[in-house]
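*Asks:* Quick one, structure13.txt (compact mmCIF, C-alpha atoms):
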# COMPACT_ATOMS: atom_id res chain seq x y z
CA MET A 1 7.83 17.08 12.69
CA TYR A 2 6.84 14.73 9.93
CA HIS A 3 7.93 15.24 6.35
CA SER A 4 4.70 16.45 4.77
CA ALA A 5 6.28 17.11 1.38
CA TYR A 6 7.58 13.53 1.28
CA ILE A 7 4.15 12.14 2.11
CA VAL A 8 2.54 14.08 -0.74
CA ALA A 9 5.28 13.01 -3.16
CA ARG A 10 5.01 9.38 -2.01
CA LEU A 11 1.27 9.38 -2.52
CA ASN A 12 1.77 10.74 -6.01
CA ARG A 13 4.27 7.99 -6.75
CA LEU A 14 2.01 5.22 -5.47
CA GLY A 15 -0.97 6.73 -7.19
CA PRO A 16 -2.94 9.38 -5.36
CA PRO A 17 -6.33 8.61 -3.89
CA PRO A 18 -8.87 8.76 -6.72
CA GLU A 19 -10.19 12.27 -7.14
CA VAL A 20 -13.57 11.96 -5.52
CA SER A 21 -15.88 14.27 -7.37
CA HIS A 22 -17.24 17.16 -5.35
CA ARG A 23 -20.55 15.62 -4.39
CA LEU A 24 -22.72 17.36 -1.86
CA LEU A 25 -24.89 14.49 -0.80
CA ASN A 26 -28.49 14.55 -2.01
CA PRO A 27 -31.58 12.73 -0.73
CA GLU A 28 -30.77 9.74 -2.94
CA SER A 29 -27.30 9.26 -1.41
CA SER A 30 -26.73 6.13 0.65
CA LEU A 31 -25.30 8.14 3.53
CA SER A 32 -28.10 10.68 3.64
CA ARG A 33 -31.02 8.24 3.64
CA GLN A 34 -30.51 7.34 7.30
CA ASN A 35 -32.68 8.60 10.15
CA PRO A 36 -31.53 11.72 11.99
CA LEU A 37 -29.75 11.26 15.30
CA PRO A 38 -31.50 11.66 18.63
CA VAL A 39 -30.72 15.20 19.69
CA GLN A 40 -28.05 15.78 22.30
CA ILE A 41 -26.54 19.17 21.57
CA ALA A 42 -23.75 21.31 22.98
CA TYR A 43 -24.03 24.96 22.09
CA ASN A 44 -21.39 27.61 22.37
CA SER A 45 -23.61 30.12 20.58
CA PRO A 46 -27.07 31.65 20.89
CA SER A 47 -30.07 29.77 19.52
CA MET A 48 -30.09 29.27 15.77
CA ARG A 49 -32.68 29.67 13.12
CA VAL A 50 -33.30 26.75 10.73
CA SER A 51 -30.39 26.35 8.34
CA SER A 52 -30.84 26.02 4.62
CA SER A 53 -27.26 24.82 4.17
CA THR A 54 -26.44 21.48 2.55
CA THR A 55 -25.25 18.66 4.79
CA VAL A 56 -22.23 16.66 3.68
CA ALA A 57 -21.90 13.11 5.02
CA VAL A 58 -18.53 11.38 5.23
CA ARG A 59 -17.69 7.87 6.37
CA SER A 60 -15.16 7.92 9.18
CA PHE A 61 -13.25 4.63 8.86
CA ALA A 62 -11.40 2.90 11.68
CA LYS A 63 -7.82 1.66 11.78
CA ILE A 64 -5.90 -1.15 13.40
CA ASN A 65 -2.24 -1.32 14.38
CA VAL A 66 -0.31 -4.22 12.89
CA GLY A 67 2.46 -4.25 15.45
CA LEU A 68 3.16 -1.33 17.78
CA TYR A 69 6.52 -0.73 19.40
CA ILE A 70 7.11 1.83 22.13
CA GLY A 71 10.43 3.62 22.54
CA ALA A 72 11.74 5.95 25.21
CA ALA A 73 9.76 8.89 26.51
CA ARG A 74 10.83 12.13 24.81
CA ALA A 75 11.47 15.53 26.36
CA ASP A 76 8.00 16.66 25.21
CA GLY A 77 6.35 13.82 27.13
CA PHE A 78 5.51 11.73 24.06
CA HIS A 79 7.08 8.38 23.18
CA GLU A 80 8.86 7.32 20.02
CA LEU A 81 6.73 4.73 18.21
CA ARG A 82 6.92 2.35 15.31
CA THR A 83 3.71 0.92 13.90
CA VAL A 84 1.95 -0.09 10.71
CA TYR A 85 -1.51 1.46 10.50
CA GLN A 86 -4.15 -0.27 8.40
CA THR A 87 -7.56 1.21 7.63
CA ILE A 88 -10.55 -1.13 7.95
CA ALA A 89 -14.16 -1.09 6.77
CA LEU A 90 -15.85 -0.39 10.13
CA HIS A 91 -16.83 3.25 10.44
CA ASP A 92 -18.76 6.09 12.05
CA VAL A 93 -20.60 8.65 9.91
CA ILE A 94 -19.94 12.39 10.19
CA ARG A 95 -22.50 14.88 8.87
CA ALA A 96 -21.39 18.49 8.72
CA SER A 97 -23.07 21.66 7.55
CA VAL A 98 -22.19 25.36 7.60
CA GLU A 99 -24.81 28.08 7.69
CA ARG A 100 -23.18 31.24 6.41
CA ALA A 101 -26.07 33.57 7.30
CA ALA A 102 -25.84 37.04 5.80
CA GLU A 103 -26.95 38.75 8.98
CA ARG A 104 -24.06 37.47 11.05
CA LYS A 105 -21.90 40.32 12.22
CA ALA A 106 -18.46 40.67 10.73
CA GLY A 107 -15.67 39.52 13.00
CA ARG A 108 -17.93 37.31 15.09
CA GLY A 109 -16.25 34.18 13.78
CA SER A 110 -17.70 30.69 13.67
CA GLN A 111 -19.97 29.00 16.18
CA ILE A 112 -19.68 25.24 16.47
CA GLU A 113 -22.36 22.78 17.50
CA ILE A 114 -21.68 19.09 18.16
CA VAL A 115 -24.54 16.57 18.08
CA CYS A 116 -24.14 12.96 19.23
CA ALA A 117 -26.44 10.39 20.83
CA ASP A 118 -23.57 8.60 22.60
CA LYS A 119 -23.22 10.16 26.05
CA ARG A 120 -19.54 9.15 26.23
CA VAL A 121 -18.65 11.53 23.40
CA PRO A 122 -17.64 15.02 24.62
CA LEU A 123 -19.68 17.83 23.12
CA ASP A 124 -17.40 20.72 24.00
CA SER A 125 -14.08 22.05 22.70
CA SER A 126 -12.27 18.91 23.88
CA ASN A 127 -13.90 16.99 21.01
CA THR A 128 -11.47 16.50 18.12
CA CYS A 129 -14.20 17.36 15.61
CA TYR A 130 -14.75 20.69 17.36
CA ARG A 131 -11.04 21.51 17.29
CA MET A 132 -10.78 20.47 13.66
CA ALA A 133 -13.76 22.63 12.69
CA GLU A 134 -12.17 25.64 14.37
CA ARG A 135 -8.92 25.18 12.49
CA VAL A 136 -10.49 24.47 9.10
CA MET A 137 -12.79 27.49 9.27
CA GLU A 138 -9.87 29.69 10.29
CA GLU A 139 -7.55 28.39 7.57
CA LEU A 140 -10.22 28.75 4.88
CA GLY A 141 -11.15 32.24 6.06
CA ALA A 142 -14.76 31.15 6.52
CA SER A 143 -17.28 31.97 9.23
CA GLY A 144 -20.77 30.80 10.12
CA GLN A 145 -22.68 28.28 12.20
CA VAL A 146 -21.02 24.86 11.97
CA ARG A 147 -23.08 21.81 12.89
CA ILE A 148 -21.40 18.42 13.21
CA GLU A 149 -23.43 15.26 13.79
CA ILE A 150 -21.52 12.18 14.90
CA ASP A 151 -23.29 8.91 14.15
CA LYS A 152 -21.26 6.83 16.59
CA ARG A 153 -20.82 3.18 15.65
CA LEU A 154 -17.19 2.65 16.66
CA PRO A 155 -16.20 2.15 20.31
CA VAL A 156 -14.99 5.03 22.48
CA GLN A 157 -11.44 4.46 23.83
CA GLY A 158 -11.30 1.33 21.72
CA GLY A 159 -7.92 1.66 19.99
CA LEU A 160 -9.50 2.01 16.53
CA GLY A 161 -8.70 5.71 16.12
CA ALA A 162 -12.37 6.70 16.04
CA ALA A 163 -11.99 10.22 17.44
CA SER A 164 -9.07 10.92 15.11
CA SER A 165 -10.91 9.58 12.09
CA ASN A 166 -13.96 11.63 13.06
CA ALA A 167 -11.83 14.79 13.03
CA VAL A 168 -10.41 14.08 9.57
CA ALA A 169 -13.90 13.29 8.27
CA THR A 170 -14.99 16.67 9.65
CA MET A 171 -12.21 18.36 7.68
CA ILE A 172 -13.25 16.62 4.45
CA ALA A 173 -16.94 17.39 4.99
CA LEU A 174 -16.32 21.08 5.70
CA GLU A 175 -14.09 21.44 2.64
CA ARG A 176 -16.82 20.05 0.45
CA GLY A 177 -19.56 22.00 2.17
CA LEU A 178 -17.66 25.25 1.69
CA LYS A 179 -16.46 24.26 -1.79
CA LYS A 180 -12.89 25.07 -0.78
CA LYS A 181 -9.93 22.79 -0.25
CA LEU A 182 -6.90 23.20 1.96
CA PRO A 183 -3.43 22.57 0.50
CA ALA A 184 -2.21 19.02 1.14
CA LEU A 185 0.64 20.15 3.39
CA THR A 186 -1.67 22.33 5.48
CA ARG A 187 -4.08 19.42 5.94
CA LEU A 188 -1.30 17.20 7.28
CA GLN A 189 0.04 19.91 9.57
CA ILE A 190 -3.36 20.64 11.09
CA ALA A 191 -4.03 16.93 11.56
CA GLY A 192 -0.70 16.33 13.31
CA GLU A 193 -1.24 19.27 15.65
CA ILE A 194 -4.64 18.00 16.78
CA GLY A 195 -3.62 14.39 17.40
CA SER A 196 -0.90 11.82 16.79
CA ASP A 197 -2.86 9.41 14.60
CA LEU A 198 -4.95 11.90 12.61
CA PRO A 199 -2.52 12.15 9.65
CA LEU A 200 -2.88 8.46 8.77
CA PHE A 201 -6.54 9.09 7.84
CA LEU A 202 -5.39 11.59 5.22
CA VAL A 203 -3.47 8.74 3.58
CA GLY A 204 -5.52 5.57 4.10
CA GLY A 205 -4.62 1.99 3.30
CA THR A 206 -1.35 0.67 4.69
CA VAL A 207 0.67 3.39 6.43
CA LEU A 208 3.94 3.43 8.37
CA GLY A 209 3.77 5.53 11.54
CA VAL A 210 6.90 6.78 13.30
CA GLY A 211 7.76 9.65 15.64
CA ARG A 212 4.87 9.84 18.10
CA GLY A 213 2.72 8.24 15.39
CA GLU A 214 2.00 11.47 13.52
CA GLU A 215 4.89 11.04 11.06
CA VAL A 216 3.24 8.88 8.42
CA TYR A 217 4.48 7.33 5.19
CA PRO A 218 2.20 5.58 2.69
CA LEU A 219 3.35 2.02 2.05
CA TRP A 220 2.50 -0.25 -0.82
CA ASP A 221 -0.98 -1.46 0.02
CA LEU A 222 -1.41 -4.86 1.55
CA PRO A 223 -4.15 -6.95 -0.06
CA ALA A 224 -7.60 -6.77 1.52
CA MET A 225 -7.81 -9.29 4.36
CA ALA A 226 -10.80 -10.78 6.15
CA MET A 227 -10.88 -10.07 9.85
CA VAL A 228 -12.93 -10.17 13.02
CA VAL A 229 -13.09 -7.20 15.39
CA VAL A 230 -14.09 -7.72 19.03
CA THR A 231 -15.11 -4.65 21.05
CA PRO A 232 -15.26 -5.30 24.81
CA GLU A 233 -17.29 -3.05 27.06
CA VAL A 234 -14.23 -1.91 28.99
CA GLY A 235 -12.34 1.22 27.85
CA VAL A 236 -8.56 1.58 28.14
CA SER A 237 -6.96 4.98 28.79
CA THR A 238 -4.03 5.51 26.42
CA PRO A 239 -2.18 7.94 28.78
CA ARG A 240 -2.55 5.40 31.60
CA ALA A 241 -1.23 2.63 29.35
CA PHE A 242 1.84 4.70 28.47
CA ALA A 243 2.42 5.44 32.16
CA ASP A 244 2.24 1.74 32.94
CA TRP A 245 4.73 1.03 30.14
CA ASP A 246 7.15 3.59 31.61
CA ALA A 247 6.80 1.98 35.03
CA LEU A 248 7.49 -1.44 33.52
CA ALA A 249 10.57 -0.09 31.72
CA LYS A 250 11.91 1.44 34.94
CA SER A 251 11.42 -1.84 36.77
CA GLY A 252 14.00 -3.50 34.54
CA ALA A 253 11.55 -6.14 33.31
CA GLU A 254 12.06 -7.75 29.92
CA LEU A 255 9.98 -5.55 27.61
CA ARG A 256 9.56 -7.91 24.70
CA SER A 257 8.96 -11.59 24.20
CA PRO A 258 12.05 -13.81 23.91
CA GLY A 259 12.96 -14.24 20.28
CA GLN A 260 11.03 -11.16 19.21
CA ARG A 261 13.05 -8.68 17.20
CA GLY A 262 13.88 -5.83 19.51
CA ALA A 263 14.02 -8.09 22.59
CA SER A 264 17.27 -8.45 24.48
CA ALA A 265 18.22 -12.13 24.28
CA PRO A 266 19.54 -13.84 27.44
CA THR A 267 23.30 -14.41 27.31
CA ARG A 268 25.44 -16.58 29.54
CA ALA A 269 29.13 -16.33 30.33
CA SER A 270 31.50 -18.69 32.09
CA SER A 271 32.57 -17.76 35.64
CA GLY A 272 35.89 -18.84 37.14
CA GLY A 273 34.69 -22.28 38.23
CA GLY A 274 33.24 -23.13 34.83
CA ILE A 275 29.71 -22.42 36.05
CA SER A 276 27.59 -20.52 33.60
CA ALA A 277 26.21 -17.23 34.91
CA PRO A 278 24.19 -14.52 33.29
CA ALA A 279 26.39 -12.06 31.48
CA GLN A 280 26.00 -8.45 32.63
CA LEU A 281 25.81 -6.67 29.31
CA THR A 282 24.58 -3.18 28.63
CA PRO A 283 21.02 -3.57 27.34
CA PRO A 284 20.22 -2.12 23.95
CA LEU A 285 19.14 1.51 24.00
CA PRO A 286 15.48 2.17 23.20
CA SER A 287 16.51 3.74 19.90
CA ASP A 288 18.46 0.59 19.00
CA LYS A 289 15.40 -1.53 19.72
CA LEU A 290 13.25 0.66 17.52
CA ILE A 291 15.76 0.24 14.70
CA GLU A 292 15.59 -3.53 15.15
CA VAL A 293 11.80 -3.64 15.16
CA GLY A 294 11.82 -1.36 12.14
CA CYS A 295 13.84 -4.06 10.42
CA ALA A 296 11.26 -6.65 11.53
CA LEU A 297 8.45 -4.62 10.00
CA SER A 298 10.47 -4.13 6.84
CA ALA A 299 11.18 -7.87 6.64
CA TRP A 300 7.48 -8.60 6.73
CA LEU A 301 6.36 -5.84 4.37
CA THR A 302 9.01 -6.54 1.75
CA GLY A 303 8.95 -10.31 2.16
CA SER A 304 12.68 -10.38 2.90
CA GLY A 305 11.99 -12.68 5.84
CA ASN A 306 10.47 -15.28 3.54
CA THR A 307 12.41 -18.51 3.59
CA SER A 308 10.58 -20.14 0.69
CA SER A 309 12.44 -21.02 -2.47
CA SER A 310 10.10 -19.01 -4.67
CA PRO A 311 11.87 -16.36 -6.74
CA LYS A 312 11.63 -12.87 -5.29
CA ILE A 313 13.20 -9.50 -6.04
CA SER A 314 14.56 -7.98 -2.85
CA GLY A 315 13.03 -4.69 -1.78
CA TYR A 316 9.66 -5.12 -3.46
CA PRO A 317 6.52 -5.16 -1.32
CA ASN A 318 5.07 -8.35 0.06
CA THR A 319 1.70 -8.65 -1.63
CA GLY A 320 1.07 -12.09 -0.22
CA ALA A 321 1.07 -13.65 -3.70
CA SER A 322 2.57 -17.12 -3.85
CA ALA A 323 4.54 -18.46 -6.78
CA LYS A 324 1.97 -21.25 -7.19
CA GLY A 325 -1.02 -18.94 -7.19
CA GLY A 326 -2.04 -19.73 -3.61
CA SER A 327 -3.90 -17.47 -1.21
CA ARG A 328 -2.40 -13.98 -1.10
CA ALA A 329 -3.84 -13.35 2.36
CA GLY A 330 -2.69 -16.73 3.62
CA LYS A 331 0.86 -16.14 2.46
CA LEU A 332 0.90 -12.68 4.01
CA LEU A 333 -0.43 -13.95 7.33
CA SER A 334 2.16 -16.73 7.41
CA ASP A 335 4.91 -14.16 6.94
CA LEU A 336 3.39 -11.97 9.65
CA VAL A 337 3.30 -14.79 12.19
CA ARG A 338 6.84 -15.90 11.32
CA THR A 339 8.24 -12.39 11.76
CA GLY A 340 6.88 -12.23 15.31
CA ILE A 341 5.41 -8.72 15.18
CA GLU A 342 3.67 -7.75 18.42
CA ASN A 343 1.92 -4.86 20.18
CA ASP A 344 3.90 -3.64 23.20
CA PHE A 345 0.77 -2.40 24.93
CA GLU A 346 -0.28 -6.00 25.51
CA ARG A 347 2.48 -6.25 28.13
CA VAL A 348 0.80 -3.66 30.35
CA VAL A 349 -2.86 -3.81 29.33
CA PHE A 350 -3.40 -7.57 29.64
CA PRO A 351 -2.28 -7.79 33.31
CA LYS A 352 -4.80 -5.06 34.22
CA TYR A 353 -7.56 -6.40 31.99
CA PRO A 354 -7.07 -10.19 31.87
CA GLU A 355 -10.38 -10.56 30.04
CA LEU A 356 -8.69 -8.94 27.03
CA ARG A 357 -5.99 -11.61 27.03
CA ASP A 358 -8.74 -14.20 27.16
CA ILE A 359 -10.46 -12.64 24.12
CA LYS A 360 -7.21 -12.79 22.16
CA GLY A 361 -7.06 -16.47 23.01
CA GLU A 362 -10.65 -16.91 21.85
CA LEU A 363 -9.77 -15.31 18.50
CA GLU A 364 -6.85 -17.68 18.06
CA ARG A 365 -8.95 -20.71 18.97
CA ALA A 366 -11.57 -19.53 16.47
CA GLY A 367 -9.00 -19.86 13.70
CA SER A 368 -7.30 -16.46 13.52
CA ARG A 369 -3.84 -16.68 12.00
CA TYR A 370 -2.82 -13.45 13.72
CA ALA A 371 -4.57 -11.76 16.66
CA SER A 372 -3.65 -8.57 18.47
CA LEU A 373 -4.75 -5.65 20.57
CA SER A 374 -5.27 -2.55 18.42
CA GLY A 375 -3.50 0.51 19.78
CA SER A 376 -3.79 0.52 23.56
CA GLY A 377 -7.12 -1.32 23.31
CA SER A 378 -9.58 -2.35 24.35
CA THR A 379 -10.50 -3.55 20.84
CA LEU A 380 -8.89 -6.76 19.61
CA TYR A 381 -8.83 -8.15 16.11
CA GLY A 382 -7.97 -11.35 14.33
CA LEU A 383 -6.91 -11.79 10.69
CA PHE A 384 -8.29 -14.75 8.74
CA ARG A 385 -7.57 -16.48 5.44
CA SER A 386 -11.04 -15.90 3.99
CA PRO A 387 -14.30 -14.01 4.60
CA ALA A 388 -16.06 -17.31 5.25
CA GLU A 389 -13.60 -18.21 8.02
CA ALA A 390 -14.00 -14.74 9.53
CA ALA A 391 -17.81 -14.96 9.45
CA ASN A 392 -17.77 -18.37 11.13
CA ALA A 393 -15.39 -17.13 13.81
CA ALA A 394 -17.49 -14.03 14.51
CA SER A 395 -20.58 -16.20 14.90
CA ARG A 396 -18.74 -18.51 17.28
CA LEU A 397 -17.51 -15.58 19.40
CA ARG A 398 -20.97 -13.99 19.57
CA LYS A 399 -22.34 -17.28 20.94
CA ARG A 400 -19.81 -16.85 23.73
CA GLY A 401 -21.28 -13.46 24.56
CA LEU A 402 -18.63 -11.33 22.82
CA LYS A 403 -19.41 -8.34 20.62
CA ALA A 404 -17.72 -9.59 17.45
CA VAL A 405 -18.16 -8.54 13.83
CA ALA A 406 -16.62 -9.83 10.61
CA THR A 407 -15.21 -7.15 8.33
CA SER A 408 -12.13 -6.53 6.17
CA THR A 409 -9.18 -4.24 5.76
CA LEU A 410 -9.43 -1.36 3.28
CA THR A 411 -6.86 -0.64 0.62
CA ARG A 412 -6.05 3.00 -0.07
CA GLN A 413 -8.09 3.09 -3.26
CA ARG A 414 -11.07 1.48 -1.59
CA TYR A 415 -10.76 3.87 1.36
CA TRP A 416 -11.02 6.95 -0.81
CA THR A 417 -13.69 5.44 -3.05
CA LYS A 418 -16.00 4.62 -0.13
CA ILE A 419 -15.44 7.65 2.05
CA LEU A 420 -18.19 9.66 0.33
CA ASP A 421 -20.11 6.90 -1.43
Would you give me this structure, written as C-alpha cells?
*Replies:*
Amino acid sequence: MYHSAYIVARLNRLGPPPEVSHRLLNPESSLSRQNPLPVQIAYNSPSMRVSSSTTVAVRSFAKINVGLYIGAARADGFHELRTVYQTIALHDVIRASVERAAERKAGRGSQIEIVCADKRVPLDSSNTCYRMAERVMEELGASGQVRIEIDKRLPVQGGLGAASSNAVATMIALERGLKKKLPALTRLQIAGEIGSDLPLFLVGGTVLGVGRGEEVYPLWDLPAMAMVVVTPEVGVSTPRAFADWDALAKSGAELRSPGQRGASAPTRASSGGGISAPAQLTPPLPSDKLIEVGCALSAWLTGSGNTSSSPKISGYPNTGASAKGGSRAGKLLSDLVRTGIENDFERVVFPKYPELRDIKGELERAGSRYASLSGSGSTLYGLFRSPAEAANAASRLRKRGLKAVATSTLTRQRYWTKILD
C-alpha cells in the first residue's frame, strides 16, 4: 500500500500541478480539431441514440523507466521494484463523453463503450479505460452511457505505460465531463488498484516508484532532455519477462553487471596451498540489493556521486547544472552513465529478442549518452545532449529501417500544462 497522503503532501511541497481550468474542449481546441476515428466498437449495452453530451479530450502521455531493478517475488505474486519513472512528450489521445439521458431507468447503472481503430487494443472489460470508467462513475455516483475513444499512437506492449496512461486520462476526462472531481487520495487508490504504474500518471514529471511500482513519490524534476524513442514491431509480455527473471534468479546466474551497484562482486580467498579460489560467501538478499540500488539512484538524483570539484550542497537534487554554466542535460547524462544505472529486464529480454540488443547498440552508435529498454520493452530510448543531436540520430536510425522519433522528456509542470491543451 503506497502512502497516498505523503504523495499529496509532497506534491504540495514541490508545487502542485498547475490548476488546469475546467475546459470542456470546443471546436477551436487543438485536440478536438482532429478527424474522428474509424469505428470499431464494443458494446455492452443496447443501441444508443445520438448523444448531445460534450466530449472531453485528454492527452495520454507516455513514460520511460530510468533504471529498473527487480527484487524477490512477493507472496501476492508481484515483485518488489525500484525505478525512476519519467514522463515524455509522446502520447495517445483519449476522448470521453457521458450521455446522462433522462429516460434511463434508475438503478440501471452505466454502460461503457470503447472505440479504437487499433485491432490490438481490447474493447471489453479487460481494457484499463473500461475498468477506470466503471470505478470513476461508481465513486462519483454517476450513471449514463460512457463513450471512450482511444486515438492510439503509442505502441501496444511497448514498455511506455500506454494502457496505464490511457486509464488515467479517462479518469481526468470523465471528471471534467461530469464537472465533478474525486479526492486526491481516492484517485491514487483507484489507480493503484487497476494497475501498478497508473499512479505515476497522477503525478507526472520525475517520479520514484517502489513496491510493485504503484508506490510513487514525486521527485524534484529533472531538466527536460532530448531523446530518441525506437518502437520495434515485436511486443514483449511483461508477465513472461518476470517469469524469465525468476527462472534466471533460480539458476544462480549473476543478476547484475559486474561493478553495478546491487551486483555481487566476485571475491577470492586463499586455499591451503596458497592458490586463490572463489570464496563461498552468502549472496546478498534481494532486499539488500534493492537497498543498494536505491542508493545508486539517490547518488545520481542528488548528485552525491559527482566527483567534480564544483561546490555542491549534499542532499539537493541534481539539476544537471554545471558550475561553469555548461549543459545541464550533458552534466546529468554524465552522472547517469557514471552511476551505472541499468534495467534488469535487459538480462532476460535481450537473449530472447536479440534484435532489441542490436537497436540499443544502434542508439549508442548514433550518439546517445545513455540508452535503455523502457520497462520490459520492446521500446528502447536514448538520451541526447541536445534536440539537434536527437533529430540527427532519429534520421540516421530511420534510414536503417527503424521506427525512430525524436522527442523530449516532460517536466511535471509541462505535463499538466499540456495534458488538456
*Asks:* Of the candidates A:Phe242, A:Phe345, A:Tyr85, A:Tyr353, which shows the shortest atom-to-atom distance to Leu219 of chain A, using all atoms listed in the file?
*Replies:*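 Closest candidate: A:Tyr85.
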*Asks:* Which is closer to Ala89 of chain A than all the others in A:Arg153, A:Arg147, A:Arg120, A:Arg398, using only C-alpha atoms?
*Replies:* A:Arg153
*Asks:* Between atom CA of Val136 of chain A and atom CA of Lys180 of chain A, what distance in Å does the model show, to one decimal?
*Replies:*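 Rounded to one decimal, the two atoms are 10.2 Å apart.
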*Asks:* Just to confirm, what's the straight-line distance from atom CA of Asp221 of chain A to atom CA of Ile150 of chain A in Å (one decimal)?
*Replies:* 28.8 Å
*Asks:* Let me make sure I understand: among A:Gln157, A:Gln111, A:Thr55, A:Ser376, which one has the smallest atom-to-atom distance to Arg176 of chain A if we use all atoms listed in the file?
*Replies:*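 Closest to Arg176 of chain A of all the choices is A:Thr55.
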*Asks:* Counting all atoms listed in the file, which residue out of A:Ser60, A:Thr417, A:Ser126, A:Thr186 sits closest to Lys152 of chain A?
*Replies:* A:Ser60
*Asks:* Just to confirm, what's the straight-line distance from atom CA of Asn127 of chain A to atom CA of Ile114 of chain A in Å (one decimal)?
*Replies:* 8.5 Å
*Asks:* Which residue, A:Val216, A:Val348, A:Gly340, A:Ala253, has the smallest gap to Thr238 of chain A when you use all atoms listed in the file?
*Replies:*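 Of A:Val216, A:Val348, A:Gly340, A:Ala253, the one nearest Thr238 of chain A, counting all atoms listed in the file, is A:Val348.
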*Asks:* So that I can check the surroundings of Met227 of chain A, please list as a PyMOL selection string every protein, DNA and RNA residue that reaches within 6 Å of it, counting all atoms listed in the file and ignoring chain neighbours fewer than 3 positions away.
*Replies:* chain A and resi 382-384+390+406-408
*Asks:* Save the residues we just selected, C-alpha atoms, as a PDB file, in the frame of the given file?
*Replies:*
ATOM      1  CA  GLY A 382      -7.970 -11.350  14.330  1.00  0.00           C
ATOM      2  CA  LEU A 383      -6.910 -11.790  10.690  1.00  0.00           C
ATOM      3  CA  PHE A 384      -8.290 -14.750   8.740  1.00  0.00           C
ATOM      4  CA  ALA A 390     -14.000 -14.740   9.530  1.00  0.00           C
ATOM      5  CA  ALA A 406     -16.620  -9.830  10.610  1.00  0.00           C
ATOM      6  CA  THR A 407     -15.210  -7.150   8.330  1.00  0.00           C
ATOM      7  CA  SER A 408     -12.130  -6.530   6.170  1.00  0.00           C
TER       8      SER A 408
END
*Asks:* I need the residue nearest Glu342 of chain A from this list: A:Ser372, A:Gln86, A:Ser164, A:Ser378. Use only C-alpha atoms for the distance.
*Replies:*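 Among the listed residues, the smallest separation from Glu342 of chain A belongs to A:Ser372.
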*Asks:* For a cut-off of 6 Å around (-22.9, 14.4, 15.3), file coordinates, pick out all residues using only C-alpha atoms and list them as a PyMOL selection string.
*Replies:* chain A and resi 114-116+148-151
*Asks:* Could the residues in this selection be written to a file with C-alpha atoms, as a compact mmCIF listing (two decimals), in the frame of the given file?
*Replies:*
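Writing the result to out_9.txt gives the following:
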# COMPACT_ATOMS: atom_id res chain seq x y z
CA ILE A 114 -21.68 19.09 18.16
CA VAL A 115 -24.54 16.57 18.08
CA CYS A 116 -24.14 12.96 19.23
CA ILE A 148 -21.40 18.42 13.21
CA GLU A 149 -23.43 15.26 13.79
CA ILE A 150 -21.52 12.18 14.90
CA ASP A 151 -23.29 8.91 14.15
*Asks:* From (-16.7, -10.2, 5.9), in the file's coordinates, out to 12 Å: which residues are reached, counting only C-alpha atoms? Answer as a list in words.
*Replies:*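 Neighbouring residues, ordered by chain and number, come to Ile88, Ala89, Leu90, Ala224, Met225, Ala226, Met227, Val228, Val229, Leu383, Phe384, Arg385, Ser386, Pro387, Ala388, Glu389, Ala390, Ala391, Asn392, Ala393, Ala394, Ser395, Ala404, Val405, Ala406, Thr407, Ser408, Thr409 and Leu410 of chain A.
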*Asks:* Quick one: residues within 8 Å of Leu356 of chain A, only C-alpha atoms, excluding same-chain residues fewer than 4 positions away - as a PyMOL selection string?
*Replies:* chain A and resi 232+350+360+378+380
